[in-house]
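*Asks:* Structure in structure tokens, see below.
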Amino acid sequence: MEQALAFALELTEQRDEPHLCQWWSQVLHASFQPKGMLLGMLEVSGRQLACSGWVKGQAVSLSLAVDDFSHPLAYVLHKAQSRTWDSLHGGARIEHKEFRALLSNLGQQCGLHAFPLLDGNGKPFAVLAMMDSAEQLQEWTDGPELAQLSQVFCNQLTLIRELGRSRRDQSVLRDSLRQIKGEGQVKKQHEKLLADKLIGQSAAICGLREQVHQAAQHKLTVLIQGETGSGKEVVARLVHQCSDRAGKPFVAINCAAIPENLIESELFGYQKGAFSGALSNKAGLVAQANGGTLFLDEVGDMPATMQAKLLRVLETRSYRPLGAEQESHSDFRLIAATHQPLTRQVEDGQFRADLYHRLCQCLLLIAPLREHMDDVPMLCQHFMAQFAEQDGKALGGLHRKFQKQLQSYDFPGNVRELRNLLEVACAHTPHGEEVVLEALPPELRERVCVELPGMLDDYNHIRDLRRAMQLYEASVIEARLRYFQGNRMLVAESLNIPKRTLDHKCQKLEVN
């Protein structure tokens, strides 16, 4: 009884597979004292048997290929059947050099008994080989002790492995839950960021937030289209900040603001001595954006020669600084923006079609402010809070008349224009008072308060619709020309029509 209890206690103390295998081998060696013994455990790959044991009291170990039938254990493992060889010299065909070296000192009268150890599903996971005289081997195989000890080992190893799998499953589950929780927190952070930066509850703004979130989840090139002042760079930064590149640089360049002869050196950099004035090496914006995002604003104004070079960089992510002999690599994501309809420029031959398609892998369209005027009150509240904090004073809110007037204005300069108007009005508003229309200077107040003919009547006086439409169109164009001080290019862009169309209308409607 004491021996059985001691055995059970030692068995349950083996908490992992290596210790159990070592302990069981020692128990077998002490109990049966064979001339030689090997326990070959099948590795995770299923291709090797990791064997350890004793031969004439000396510890031995070797690795045997499962499909190498030059040693007898492969046969036992594949057939899942025990096998006894009365003699290792002639009786068993052993051609494996390392295996034969282990048996060289056992003598001609030594035999081998090998049998598979099976898991709970009846599949072999190990092979036990006992080496001794044929008579001794027969005695062990006829008796119950070796089989019972082997079954105890198999049962205990199965429990340890099941416990290990359960622990691994629990660990994987915990990691998955942590990941899901982390992803949920990141998503909430992104949602808050989008809500803080893209102000409004209109369908246009809600849809834009969703588009930005989706664009941040992939690595496609993004093209942002929107009128001047609509917030293209804000959207570009949000795509970057919500992506996995958020911790890397966001590098921006306005293609319309850099002279044609400088834009290549700005993008790709240059080596010392590449041209007159290049006194040292300079890293270009493409290099600076490595790992992060490169934002090309007003990409429609990029010179034709640079369009071809940009296309190649997008396809290869390789570039060559001016004066360099070798190309460099940069892992950047490109986001481009334009206020111009690039499709029209492609049709006119001003913009490469292949570059347009490369840029337009993901298209984000920003609606002009006049198409979501319901968001004006929220935008006003947001900007006024910023200016109040900036100026260190309290504001009493926006006067209803001023808000109504703003909501009736079409904002050719979009959100940027609204922000500028409010900044001026807040600066002229005393501490604690409401922001009123009269806080604006006369020239700005006149711009916001423009009333086009026919806006406030019931139109009963109209007898010729075509003539009325012409008068209305002429009034719109005249008002816009006053706002942009006669700059027809800006007027055309604000009305989303080609300049040649505007010129034709001005001539037809006799507008100067």
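Naming scheme: A, B, ... for chains in displayed order of the structure tokens; residues 1 onward per chain; ligands 1 onward as shown.
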Just list as a PyMOL selection string whatever in segment 321-449 of chain A DSSP marks as strand (DSSP E or B).

*Replies:* chain A and resi 322+328-329+333-338+362-365+398+435

*Asks:* Just the residues within 8 Å of Arg209 of chain A, please, counting only C-alpha atoms, with nothing from its chain fewer than 3 positions along; format it as a list of chain:residue names.

*Replies:* A:Leu194, A:Ala195, A:Leu198, A:Ile205, A:Cys206, A:Val212, A:His213

*Asks:* Residues of segment 280-300 of chain A that approach segment 261-264 of chain A to 12 Å or less, counting only C-alpha atoms: could you list each one with the shortest pair of atoms and its distance in Å to one decimal, rows by chain and increasing residue number, as CSV?

*Replies:*
```
residue,atom,partner,partner_atom,distance
A:Ala283,CA,A:Glu264,CA,11.7
A:Gly284,CA,A:Glu264,CA,8.7
A:Leu285,CA,A:Glu264,CA,9.9
A:Val286,CA,A:Glu264,CA,10.4
A:Leu296,CA,A:Ile263,CA,11.2
A:Val299,CA,A:Ile263,CA,11.6
```

*Asks:* From the list A:Lys404, A:His357, A:Arg15, A:His382, which residue is nearest Lys197 of chain A when using only C-alpha atoms?

*Replies:* A:His382

*Asks:* What's the 12 Å shell around Ala388 of chain A, counting only C-alpha atoms, without same-chain residues fewer than 4 positions away, as a PyMOL selection string?

*Replies:* chain A and resi 380-384+392-397+422-435

*Asks:* If you take only C-alpha atoms and a cut-off of 12 Å, which residues of segment 157-244 of chain A touch segment 123-131 of chain A, and what are their nearest atom pairs and distances in Å to one decimal, in chain and number order, as a Markdown table?

*Replies:*
```
| residue | atom | partner | partner_atom | distance |
| --- | --- | --- | --- | --- |
| A:Leu157 | CA | A:Phe125 | CA | 10.3 |
| A:Thr158 | CA | A:Phe125 | CA | 10.3 |
| A:Arg161 | CA | A:Phe125 | CA | 11.8 |
```

*Asks:* From the options A:Ala246, A:Ala101, A:Val436, A:Cys360, which residue's atoms come nearest to Arg400 of chain A, counting only C-alpha atoms?

*Replies:* A:Val436

*Asks:* Env of Leu355 of chain A: 10 Å cut, atoms = only C-alpha atoms, seq-sep filter 4 positions within chain, self excluded. Answer as a PDB file with N, CA and C atoms, in the first residue's frame.

*Replies:*
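Saved as part22.pdb:
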```pdb
ATOM      1  N   GLN A 307       4.601  64.589 -63.388  1.00  0.00           N
ATOM      2  CA  GLN A 307       3.546  63.575 -63.367  1.00  0.00           C
ATOM      3  C   GLN A 307       4.098  62.210 -63.755  1.00  0.00           C
ATOM      4  N   ALA A 308       4.934  62.173 -64.783  1.00  0.00           N
ATOM      5  CA  ALA A 308       5.528  60.910 -65.229  1.00  0.00           C
ATOM      6  C   ALA A 308       6.438  60.325 -64.152  1.00  0.00           C
ATOM      7  N   LYS A 309       7.240  61.185 -63.522  1.00  0.00           N
ATOM      8  CA  LYS A 309       8.147  60.702 -62.481  1.00  0.00           C
ATOM      9  C   LYS A 309       7.379  60.226 -61.253  1.00  0.00           C
ATOM     10  N   LEU A 310       6.305  60.931 -60.916  1.00  0.00           N
ATOM     11  CA  LEU A 310       5.498  60.519 -59.771  1.00  0.00           C
ATOM     12  C   LEU A 310       4.852  59.165 -60.025  1.00  0.00           C
ATOM     13  N   LEU A 311       4.401  58.939 -61.255  1.00  0.00           N
ATOM     14  CA  LEU A 311       3.783  57.655 -61.596  1.00  0.00           C
ATOM     15  C   LEU A 311       4.761  56.513 -61.359  1.00  0.00           C
ATOM     16  N   ARG A 312       6.000  56.697 -61.775  1.00  0.00           N
ATOM     17  CA  ARG A 312       6.995  55.639 -61.593  1.00  0.00           C
ATOM     18  C   ARG A 312       7.277  55.398 -60.111  1.00  0.00           C
ATOM     19  N   LEU A 314       5.235  55.853 -57.655  1.00  0.00           N
ATOM     20  CA  LEU A 314       4.084  55.149 -57.076  1.00  0.00           C
ATOM     21  C   LEU A 314       4.102  53.672 -57.416  1.00  0.00           C
ATOM     22  N   VAL A 346      -7.923  65.366 -67.644  1.00  0.00           N
ATOM     23  CA  VAL A 346      -7.472  64.204 -68.424  1.00  0.00           C
ATOM     24  C   VAL A 346      -8.006  64.297 -69.849  1.00  0.00           C
ATOM     25  N   PHE A 351      -3.610  66.334 -67.778  1.00  0.00           N
ATOM     26  CA  PHE A 351      -3.238  65.429 -66.699  1.00  0.00           C
ATOM     27  C   PHE A 351      -3.197  64.011 -67.247  1.00  0.00           C
ATOM     28  N   LEU A 359      -3.893  57.335 -58.911  1.00  0.00           N
ATOM     29  CA  LEU A 359      -4.257  58.142 -57.752  1.00  0.00           C
ATOM     30  C   LEU A 359      -5.649  57.812 -57.244  1.00  0.00           C
ATOM     31  N   CYS A 360      -6.518  57.432 -58.141  1.00  0.00           N
ATOM     32  CA  CYS A 360      -7.940  57.301 -57.818  1.00  0.00           C
ATOM     33  C   CYS A 360      -8.313  55.889 -57.371  1.00  0.00           C
TER      34      CYS A 360
END
```

*Asks:* List the spatial neighbours of Gly200 of chain A as a compact mmCIF listing (two decimals) with N, CA and C atoms, in the first residue's frame - criterion: any atom at most 9 Å away, only C-alpha atoms, same-chain residues fewer than 3 positions off excluded.

*Replies:*
```txt
# COMPACT_ATOMS: atom_id res chain seq x y z
N ALA A 195 -15.28 62.70 -35.05
CA ALA A 195 -16.38 63.58 -34.62
C ALA A 195 -15.86 64.96 -34.23
N ALA A 203 -26.07 64.16 -43.48
CA ALA A 203 -25.75 62.91 -44.17
C ALA A 203 -24.40 63.01 -44.87
N ALA A 204 -24.08 64.20 -45.39
CA ALA A 204 -22.81 64.38 -46.09
C ALA A 204 -21.63 64.19 -45.16
N ILE A 205 -21.69 64.75 -43.96
CA ILE A 205 -20.57 64.65 -43.01
C ILE A 205 -20.51 63.25 -42.40
N CYS A 206 -21.64 62.67 -42.06
CA CYS A 206 -21.63 61.30 -41.51
C CYS A 206 -21.07 60.32 -42.52
N HIS A 372 -24.61 71.25 -47.23
CA HIS A 372 -24.98 70.74 -45.89
C HIS A 372 -25.04 71.91 -44.91
N ASP A 374 -27.21 72.64 -42.84
CA ASP A 374 -27.71 72.31 -41.51
C ASP A 374 -26.59 72.19 -40.50
N ASP A 375 -25.37 71.99 -40.99
CA ASP A 375 -24.22 71.85 -40.09
C ASP A 375 -23.64 73.20 -39.66
N VAL A 376 -24.12 74.29 -40.25
CA VAL A 376 -23.55 75.61 -39.94
C VAL A 376 -23.66 75.95 -38.45
N PRO A 377 -24.80 75.72 -37.76
CA PRO A 377 -24.85 76.04 -36.32
C PRO A 377 -23.79 75.29 -35.50
N MET A 378 -23.59 74.00 -35.79
CA MET A 378 -22.58 73.22 -35.06
C MET A 378 -21.18 73.73 -35.36
N LEU A 379 -20.93 74.07 -36.61
CA LEU A 379 -19.63 74.60 -36.99
C LEU A 379 -19.37 75.93 -36.29
```

*Asks:* Restricting the calculation to only C-alpha atoms: of A:Arg174, A:His19, A:Arg370, A:Lys35, which residue gets closest to Ser230 of chain A?

*Replies:*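 Under the stated criterion, the closest residue is A:Arg370.
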
*Asks:* Just list the residues in segment 87-336 of chain A DSSP gives helix (DSSP H, G or I) on the backbone, as a PyMOL selection string.

*Replies:* chain A and resi 97-103+134-142+145-197+203-216+232-241+260-268+285-288+299-301+304-316

*Asks:* Given only C-alpha atoms as the basis, pick out the residue of A:Gly53, A:Pro144, A:Gly184, A:Pro34 nearest to His113 of chain A.

*Replies:*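 The answer is A:Pro34, which sits nearest to His113 of chain A.
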
*Asks:* For the atom pair atom CA of Gln405 of chain A and atom CA of Leu490 of chain A, what is the interatomic distance in Å to one decimal place?

*Replies:* 23.6 Å

*Asks:* Measuring atom to atom with only C-alpha atoms, identify which of A:Lys97, A:Gln81, A:Leu102, A:Ala30 is nearest to Val60 of chain A.

*Replies:* A:Leu102

*Asks:* Identify, on the basis of only C-alpha atoms, every residue whose closest approach to segment 321-337 of chain A does not exceed 9 Å; exclude the query and any residue fewer than 2 positions from it along the same chain; express the result as number ranges by chain.

*Replies:* A: 219-226, 232-233, 236, 239-240, 245, 264-265, 267-275, 282-284, 286-300, 314, 316-319, 339, 359-360

*Asks:* Rounded to one decimal place, report the atom CA of Met373 of chain A-atom CA of Pro412 of chain A distance in Å.

*Replies:*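 The value is 12.6 Å.
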
*Asks:* From the set A:Pro303, A:Gly57, A:Gly486, A:Pro72, which residue has the shortest atom-to-atom contact distance to Gln33 of chain A, counting only C-alpha atoms?

*Replies:*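 Once distances to Gln33 of chain A are computed over only C-alpha atoms, the minimum belongs to A:Gly57.
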
*Asks:* Could you give me, as a list in words, the residues within 10 Å of Arg447 of chain A, counting only C-alpha atoms and dropping anything in the same chain fewer than 6 positions from it?

*Replies:*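 The contact residues come out as Tyr409, Phe411, Ala479, Arg480, Arg482 and Tyr483 of chain A.
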
*Asks:* Kindly save the residues from that selection, with C-alpha atoms included, as an mmCIF file, in the first residue's frame.

*Replies:*
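File produced: part_5.cif:
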```cif
data_model
loop_
_atom_site.group_PDB
_atom_site.id
_atom_site.type_symbol
_atom_site.label_atom_id
_atom_site.label_comp_id
_atom_site.auth_asym_id
_atom_site.auth_seq_id
_atom_site.Cartn_x
_atom_site.Cartn_y
_atom_site.Cartn_z
ATOM 1 C CA TYR A 409 -25.212 82.578 -47.556
ATOM 2 C CA PHE A 411 -20.107 80.292 -48.822
ATOM 3 C CA ALA A 479 -22.075 88.967 -57.019
ATOM 4 C CA ARG A 480 -19.338 86.354 -57.313
ATOM 5 C CA ARG A 482 -17.486 91.347 -56.791
ATOM 6 C CA TYR A 483 -16.481 88.847 -54.123
#
```
